[in-house]
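Visitor: Provided herewith is a single structure, encoded as structure tokens, for subsequent inquiry.
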Amino acid sequence: MRIATWNVNSVGARLERLLAWLELNQPDVVALQELKCTSEAFPTLAVQALGYEVAALGTGRWNGVALLSRVGLSDVTLGLQDQPQYEGADEPRAIAATCGGVRIWGIYAPNGRETDHDHFAYKLRWFQALRATAAAELAAAPDLPLTIIGDYNIAPTDADVWDIAKFVGSTHVTAQERAELTALQSIGLGEVLPRALKGEPFTFWDYRQASFGRGWGMRIDLVYGNAAFTSLVSDAYVDREERKGKGASDHAPVVIDLDLP
DNA sequence: ATGCCCTATGATATAGGA
């Protein structure tokens with residue numbers, strides 16, 4: 001069984017590349033982030049034609065998450081328990097389903113913007129809600145493989161950005177954000193580290209300043225899972241090739257292969 | 001090294017991305 005996570009930066013703008021990527025890579029389950037469309041506007045028919053069931057949660061211009069599965073899609077959950085609001089709105093940033101015997105959460109964590117911005121406090125509260133939601137599911141079904149995949153908007157270590165000196169005072173690398181990752185480990189989730197390709201482990205390269213060609217990347221698309229999940233992992237890697245060329249997302253997909261049929 | 005921003009919107013500027 002092959003699962004993947006990919007921040008597509010608009011599923012509408014990326015549809016042609018998404019369909020080609022699905023056909024080439026044959027994932028069984030895919031978590032998508034930054035749909036930038038409403039649930040109704042998701043291109044469901046196009047991905048159904050490739051054999052996938054779809055669960056999508058989007059409100060329009062920003063954010064949005066979806067799960068595609070060709071190994072079943074049941075017990076869909078939209079949003080987190082006690083999910084915090086931002087400026088009075090429930091943002092579409094989390095979706096879960098059980099697919100092929102694996103509980104899969106696809107997430108798009110808030111950016112945070114600046115460390116003194118309201119959005120940063122919101123980001124930390126959001127991770128607390130994610131942790132509480134996951135802890136409740138882990139307690140209810142400890143032996144069910146569970147994974148949380150997606151755009152965490154946190155670089156776990158200094159080596160996960162191209163130059164830590166450029167990030168002094170920035171979001172994505174603070175102790176407070178990294179403490180939220182540590183807290184996920186405290187509830188029984190371990191990180192699955194993808195193989196580094198081309199000597200760099202990154203999953204995101206800004207569109208500006210030809211960052212991809214210069215290697216100015218960050219590893220912020222992450223995979224966590226309980227022991228029942230991580231014990232199944234046979235391979236994990238970043239599909240760096242997908243970041244190349246005209247019309248690419250600014251994020252590359254992360255692929256995880258499991259020892260499951 | 002695969003290139004010197006991209007996306008959606010009540011659009012012709014703006015907000016957000018990280």
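Going by the structure tokens order, chains are called A, B, ..., each with residues numbered from 1, while ligands are numbered from 1 in the order shown.
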Just the strand (DSSP E or B) stuff from segment 13-182 of chain A, please, per backbone DSSP, written as an MDAnalysis selection string.
Guide: chainID A and resid 29:33 38 53:57 59 65:69 74:78 86 89 94:99 102:108 146:151 161
Visitor: Using only C-alpha atoms, what table do you get, as a tab-separated table, when you list each residue of segment 39-134 of chain A with an atom no more than 12 Å from segment 182-204 of chain A, its nearest pair of atoms, and their distance in Å rounded to one decimal, rows by chain then rising number?
Guide:
```
residue	atom	partner	partner_atom	distance
A:Leu124	CA	A:Ala183	CA	11.4
A:Phe127	CA	A:Leu184	CA	8.9
A:Gln128	CA	A:Ala183	CA	8.7
A:Ala129	CA	A:Leu184	CA	11.0
A:Leu130	CA	A:Leu184	CA	8.8
A:Arg131	CA	A:Leu184	CA	6.1
A:Ala132	CA	A:Ile187	CA	9.1
A:Thr133	CA	A:Ile187	CA	10.8
A:Ala134	CA	A:Ile187	CA	8.2
```
Visitor: At a cut-off of 12 Å, using only C-alpha atoms (C1' of nucleotides), what residues contact DA15 of chain B? Leave out same-chain residues fewer than 5 positions from it and give the result as a PDB file with all heavy atoms, in the first residue's frame.
Guide:
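Once written, out17.pdb looks like this:
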```pdb
ATOM      1  N   ARG A  61     -11.031  30.444  -1.185  1.00  0.00           N
ATOM      2  CA  ARG A  61      -9.780  31.037  -1.653  1.00  0.00           C
ATOM      3  C   ARG A  61      -8.524  30.475  -0.990  1.00  0.00           C
ATOM      4  O   ARG A  61      -7.460  30.412  -1.617  1.00  0.00           O
ATOM      5  CB  ARG A  61      -9.863  32.544  -1.391  1.00  0.00           C
ATOM      6  CG  ARG A  61      -8.708  33.318  -1.937  1.00  0.00           C
ATOM      7  CD  ARG A  61      -8.984  34.804  -1.797  1.00  0.00           C
ATOM      8  NE  ARG A  61      -7.938  35.576  -2.405  1.00  0.00           N
ATOM      9  CZ  ARG A  61      -7.923  36.907  -2.403  1.00  0.00           C
ATOM     10  NH1 ARG A  61      -8.909  37.576  -1.846  1.00  0.00           N
ATOM     11  NH2 ARG A  61      -6.935  37.552  -2.968  1.00  0.00           N
ATOM     12  N   TRP A  62      -8.648  30.148   0.310  1.00  0.00           N
ATOM     13  CA  TRP A  62      -7.453  29.707   1.039  1.00  0.00           C
ATOM     14  C   TRP A  62      -7.673  28.363   1.708  1.00  0.00           C
ATOM     15  O   TRP A  62      -8.804  27.928   1.902  1.00  0.00           O
ATOM     16  CB  TRP A  62      -7.068  30.737   2.100  1.00  0.00           C
ATOM     17  CG  TRP A  62      -6.561  32.005   1.526  1.00  0.00           C
ATOM     18  CD1 TRP A  62      -5.471  32.156   0.699  1.00  0.00           C
ATOM     19  CD2 TRP A  62      -7.105  33.321   1.696  1.00  0.00           C
ATOM     20  NE1 TRP A  62      -5.311  33.479   0.356  1.00  0.00           N
ATOM     21  CE2 TRP A  62      -6.291  34.216   0.959  1.00  0.00           C
ATOM     22  CE3 TRP A  62      -8.171  33.827   2.407  1.00  0.00           C
ATOM     23  CZ2 TRP A  62      -6.534  35.586   0.905  1.00  0.00           C
ATOM     24  CZ3 TRP A  62      -8.417  35.194   2.358  1.00  0.00           C
ATOM     25  CH2 TRP A  62      -7.597  36.058   1.616  1.00  0.00           C
TER      26      TRP A  62
ATOM     27  P    DT B   7       0.266  29.414 -10.255  1.00  0.00           P
ATOM     28  OP1  DT B   7       0.205  27.972 -10.488  1.00  0.00           O
ATOM     29  OP2  DT B   7       0.218  30.360 -11.387  1.00  0.00           O
ATOM     30  O5'  DT B   7      -0.909  29.828  -9.268  1.00  0.00           O
ATOM     31  C5'  DT B   7      -1.142  29.078  -8.082  1.00  0.00           C
ATOM     32  C4'  DT B   7      -2.282  29.721  -7.328  1.00  0.00           C
ATOM     33  O4'  DT B   7      -1.823  30.958  -6.745  1.00  0.00           O
ATOM     34  C3'  DT B   7      -3.464  30.070  -8.215  1.00  0.00           C
ATOM     35  O3'  DT B   7      -4.582  29.283  -7.855  1.00  0.00           O
ATOM     36  C2'  DT B   7      -3.714  31.557  -7.986  1.00  0.00           C
ATOM     37  C1'  DT B   7      -2.893  31.877  -6.755  1.00  0.00           C
ATOM     38  N1   DT B   7      -2.308  33.228  -6.749  1.00  0.00           N
ATOM     39  C2   DT B   7      -2.493  34.021  -5.639  1.00  0.00           C
ATOM     40  O2   DT B   7      -3.126  33.639  -4.663  1.00  0.00           O
ATOM     41  N3   DT B   7      -1.915  35.261  -5.701  1.00  0.00           N
ATOM     42  C4   DT B   7      -1.194  35.782  -6.753  1.00  0.00           C
ATOM     43  O4   DT B   7      -0.728  36.916  -6.702  1.00  0.00           O
ATOM     44  C5   DT B   7      -1.046  34.907  -7.892  1.00  0.00           C
ATOM     45  C7   DT B   7      -0.280  35.393  -9.091  1.00  0.00           C
ATOM     46  C6   DT B   7      -1.597  33.687  -7.840  1.00  0.00           C
ATOM     47  P    DA B   8      -5.894  29.351  -8.756  1.00  0.00           P
ATOM     48  OP1  DA B   8      -6.448  27.991  -8.755  1.00  0.00           O
ATOM     49  OP2  DA B   8      -5.623  30.040 -10.025  1.00  0.00           O
ATOM     50  O5'  DA B   8      -6.847  30.277  -7.885  1.00  0.00           O
ATOM     51  C5'  DA B   8      -7.106  29.927  -6.529  1.00  0.00           C
ATOM     52  C4'  DA B   8      -7.998  30.964  -5.892  1.00  0.00           C
ATOM     53  O4'  DA B   8      -7.255  32.192  -5.697  1.00  0.00           O
ATOM     54  C3'  DA B   8      -9.218  31.331  -6.722  1.00  0.00           C
ATOM     55  O3'  DA B   8     -10.343  31.435  -5.863  1.00  0.00           O
ATOM     56  C2'  DA B   8      -8.849  32.664  -7.367  1.00  0.00           C
ATOM     57  C1'  DA B   8      -7.888  33.270  -6.352  1.00  0.00           C
ATOM     58  N9   DA B   8      -6.842  34.102  -6.957  1.00  0.00           N
ATOM     59  C8   DA B   8      -6.195  33.914  -8.147  1.00  0.00           C
ATOM     60  N7   DA B   8      -5.294  34.825  -8.421  1.00  0.00           N
ATOM     61  C5   DA B   8      -5.349  35.676  -7.326  1.00  0.00           C
ATOM     62  C6   DA B   8      -4.635  36.849  -7.006  1.00  0.00           C
ATOM     63  N6   DA B   8      -3.703  37.387  -7.780  1.00  0.00           N
ATOM     64  N1   DA B   8      -4.931  37.453  -5.834  1.00  0.00           N
ATOM     65  C2   DA B   8      -5.867  36.917  -5.059  1.00  0.00           C
ATOM     66  N3   DA B   8      -6.600  35.821  -5.249  1.00  0.00           N
ATOM     67  C4   DA B   8      -6.291  35.243  -6.416  1.00  0.00           C
ATOM     68  P    DT B   9     -11.785  31.764  -6.465  1.00  0.00           P
ATOM     69  OP1  DT B   9     -12.750  31.016  -5.640  1.00  0.00           O
ATOM     70  OP2  DT B   9     -11.766  31.607  -7.929  1.00  0.00           O
ATOM     71  O5'  DT B   9     -11.948  33.304  -6.139  1.00  0.00           O
ATOM     72  C5'  DT B   9     -11.712  33.760  -4.809  1.00  0.00           C
ATOM     73  C4'  DT B   9     -11.783  35.266  -4.753  1.00  0.00           C
ATOM     74  O4'  DT B   9     -10.545  35.832  -5.222  1.00  0.00           O
ATOM     75  C3'  DT B   9     -12.892  35.900  -5.603  1.00  0.00           C
ATOM     76  O3'  DT B   9     -13.723  36.703  -4.774  1.00  0.00           O
ATOM     77  C2'  DT B   9     -12.166  36.762  -6.617  1.00  0.00           C
ATOM     78  C1'  DT B   9     -10.824  37.015  -5.937  1.00  0.00           C
ATOM     79  N1   DT B   9      -9.702  37.252  -6.875  1.00  0.00           N
ATOM     80  C2   DT B   9      -8.834  38.288  -6.635  1.00  0.00           C
ATOM     81  O2   DT B   9      -8.940  39.012  -5.673  1.00  0.00           O
ATOM     82  N3   DT B   9      -7.828  38.425  -7.559  1.00  0.00           N
ATOM     83  C4   DT B   9      -7.629  37.652  -8.677  1.00  0.00           C
ATOM     84  O4   DT B   9      -6.697  37.874  -9.441  1.00  0.00           O
ATOM     85  C5   DT B   9      -8.576  36.581  -8.882  1.00  0.00           C
ATOM     86  C7   DT B   9      -8.438  35.699 -10.059  1.00  0.00           C
ATOM     87  C6   DT B   9      -9.554  36.437  -7.977  1.00  0.00           C
TER      88       DT B   9
END
```
Visitor: Kindly provide the residues of chain B that approach chain A to within 10 Å, each paired with its closest atom pair and their distance in Å to one decimal, based on only C-alpha atoms (C1' of nucleotides), listed by chain and increasing number, as CSV.
Guide:
```
residue,atom,partner,partner_atom,distance
B:DA1,C1',A:Gly213,CA,5.7
B:DT2,C1',A:Gly245,CA,6.3
B:DG3,C1',A:Ala210,CA,5.5
B:DC4,C1',A:Gln209,CA,4.4
B:DC5,C1',A:Arg208,CA,4.7
B:DC6,C1',A:Tyr207,CA,7.0
B:DT7,C1',A:Ser10,CA,7.1
B:DA8,C1',A:Arg61,CA,5.5
B:DT9,C1',A:Arg61,CA,7.4
B:DG16,C1',A:Trp62,CA,8.0
B:DG17,C1',A:Asn111,CA,8.0
B:DA18,C1',A:Asn111,CA,6.7
```
Visitor: Got a sec: who's within 9 Å of Ile148 of chain A, counting only C-alpha atoms (C1' of nucleotides), leaving out chain neighbours fewer than 2 positions off, as an NGL selection string?
Guide: :A and (96 or 103-107 or 134 or 146 or 150 or 189 or 222-225)
Visitor: Go ahead and dump the residues you just picked, C-alpha atoms, as a compact mmCIF listing (two decimals), in the first residue's frame.
Guide:
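Below is the file result08.txt, written as the result:
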```
# COMPACT_ATOMS: atom_id res chain seq x y z
CA ALA A 96 -9.49 12.05 8.39
CA ARG A 103 -6.53 5.70 10.02
CA ILE A 104 -5.20 8.68 8.06
CA TRP A 105 -5.30 12.34 9.06
CA GLY A 106 -4.40 14.86 6.37
CA ILE A 107 -3.50 18.26 7.81
CA ALA A 134 -5.15 12.19 17.96
CA LEU A 146 -2.77 5.74 12.56
CA GLY A 150 0.55 16.83 5.70
CA LEU A 189 3.53 9.14 17.66
CA LEU A 222 5.94 15.58 7.71
CA VAL A 223 4.75 12.10 8.59
CA TYR A 224 3.97 10.94 12.11
CA GLY A 225 2.44 7.62 13.09
```
Visitor: Using DSSP secondary structure from the backbone, list all helix (DSSP H, G or I) positions within segment 161-247 of chain A, as a PyMOL selection string.
Guide: chain A and resi 164-167+175-186+208-214+227-230+240-243
Visitor: To one decimal place in Å, what is the distance between atom CA of Asp235 of chain A and atom CA of Glu34 of chain A?
Guide: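 Atom CA of Glu34 of chain A lies 25.4 Å from atom CA of Asp235 of chain A.
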Visitor: I'd like the neighbourhood of Pro110 of chain A as a short mmCIF file (atom, residue, chain, number, x, y, z; two decimals) with all heavy atoms, in the first residue's frame, where a residue qualifies if any of its atoms comes within 8 Å (using only C-alpha atoms (C1' of nucleotides)), though same-chain residues fewer than 5 positions away should be ignored.
Guide:
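Result saved to around-v7.cif:
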```cif
data_model
loop_
_atom_site.label_atom_id
_atom_site.label_comp_id
_atom_site.auth_asym_id
_atom_site.auth_seq_id
_atom_site.Cartn_x
_atom_site.Cartn_y
_atom_site.Cartn_z
N ARG A 93 -8.68 22.69 7.65
CA ARG A 93 -7.27 22.34 7.77
C ARG A 93 -7.02 20.89 8.19
O ARG A 93 -5.86 20.51 8.36
CB ARG A 93 -6.59 23.27 8.78
CG ARG A 93 -6.53 24.73 8.35
CD ARG A 93 -5.78 25.56 9.37
NE ARG A 93 -5.60 26.93 8.95
CZ ARG A 93 -4.62 27.37 8.15
NH1 ARG A 93 -3.73 26.52 7.70
NH2 ARG A 93 -4.53 28.64 7.81
N HIS A 119 -1.83 35.01 14.49
CA HIS A 119 -1.84 33.75 13.74
C HIS A 119 -0.86 32.74 14.35
O HIS A 119 -1.08 31.52 14.24
CB HIS A 119 -1.47 34.03 12.28
CG HIS A 119 -2.05 33.06 11.30
ND1 HIS A 119 -1.34 32.02 10.75
CD2 HIS A 119 -3.30 32.96 10.78
CE1 HIS A 119 -2.11 31.34 9.92
NE2 HIS A 119 -3.31 31.88 9.92
N PHE A 120 0.19 33.24 14.98
CA PHE A 120 1.17 32.34 15.60
C PHE A 120 0.56 31.65 16.84
O PHE A 120 0.70 30.44 17.03
CB PHE A 120 2.43 33.10 15.98
CG PHE A 120 3.56 32.23 16.45
CD1 PHE A 120 4.32 31.51 15.55
CD2 PHE A 120 3.85 32.12 17.81
CE1 PHE A 120 5.36 30.70 15.97
CE2 PHE A 120 4.88 31.30 18.24
CZ PHE A 120 5.64 30.59 17.32
N TYR A 122 -2.56 31.22 17.29
CA TYR A 122 -3.56 30.32 16.70
C TYR A 122 -2.90 29.03 16.25
O TYR A 122 -3.45 27.93 16.46
CB TYR A 122 -4.22 31.04 15.53
CG TYR A 122 -5.03 30.21 14.57
CD1 TYR A 122 -6.14 29.48 15.00
CD2 TYR A 122 -4.71 30.19 13.21
CE1 TYR A 122 -6.89 28.74 14.09
CE2 TYR A 122 -5.46 29.46 12.31
CZ TYR A 122 -6.55 28.73 12.75
OH TYR A 122 -7.30 28.01 11.85
N LYS A 123 -1.74 29.11 15.63
CA LYS A 123 -1.01 27.93 15.18
C LYS A 123 -0.74 26.99 16.35
O LYS A 123 -0.97 25.77 16.25
CB LYS A 123 0.31 28.36 14.53
CG LYS A 123 1.17 27.25 13.97
CD LYS A 123 2.43 27.82 13.31
CE LYS A 123 3.17 26.78 12.49
NZ LYS A 123 4.33 27.38 11.76
N TRP A 126 -3.90 25.41 17.56
CA TRP A 126 -4.36 24.42 16.57
C TRP A 126 -3.63 23.08 16.77
O TRP A 126 -4.24 22.01 16.72
CB TRP A 126 -4.13 24.98 15.15
CG TRP A 126 -4.75 24.16 14.08
CD1 TRP A 126 -6.00 24.27 13.56
CD2 TRP A 126 -4.12 23.06 13.40
NE1 TRP A 126 -6.20 23.31 12.61
CE2 TRP A 126 -5.08 22.56 12.48
CE3 TRP A 126 -2.87 22.46 13.47
CZ2 TRP A 126 -4.80 21.49 11.64
CZ3 TRP A 126 -2.60 21.39 12.63
CH2 TRP A 126 -3.56 20.91 11.73
N TYR A 152 2.93 20.53 7.97
CA TYR A 152 2.95 20.92 9.38
C TYR A 152 3.41 22.37 9.55
O TYR A 152 3.28 22.92 10.65
CB TYR A 152 3.90 20.00 10.16
CG TYR A 152 3.35 18.63 10.51
CD1 TYR A 152 3.02 17.71 9.52
CD2 TYR A 152 3.19 18.25 11.84
CE1 TYR A 152 2.54 16.45 9.86
CE2 TYR A 152 2.71 16.99 12.19
CZ TYR A 152 2.38 16.10 11.19
OH TYR A 152 1.91 14.85 11.53
N ASN A 153 4.00 22.93 8.55
CA ASN A 153 4.55 24.30 8.64
C ASN A 153 5.50 24.45 9.83
O ASN A 153 5.55 25.51 10.47
CB ASN A 153 3.42 25.34 8.69
CG ASN A 153 3.06 25.85 7.29
OD1 ASN A 153 3.93 26.07 6.45
ND2 ASN A 153 1.78 26.05 7.04
#
```
Visitor: Need to verify the contact set: Asp163 of chain A, 10 Å, only C-alpha atoms (C1' of nucleotides), exclusion of same-chain residues closer than 3 positions in sequence. Can you return it as a PyMOL selection string?
Guide: chain A and resi 158-160+166-168+215-218
Visitor: My list of candidates is A:Gln33, A:Asn226, A:Ser234, A:Gln176. Which is closest to Asn7 of chain A when distances are computed with only C-alpha atoms?
Guide: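 Ranked by minimum distance to Asn7 of chain A, first place goes to A:Gln33.
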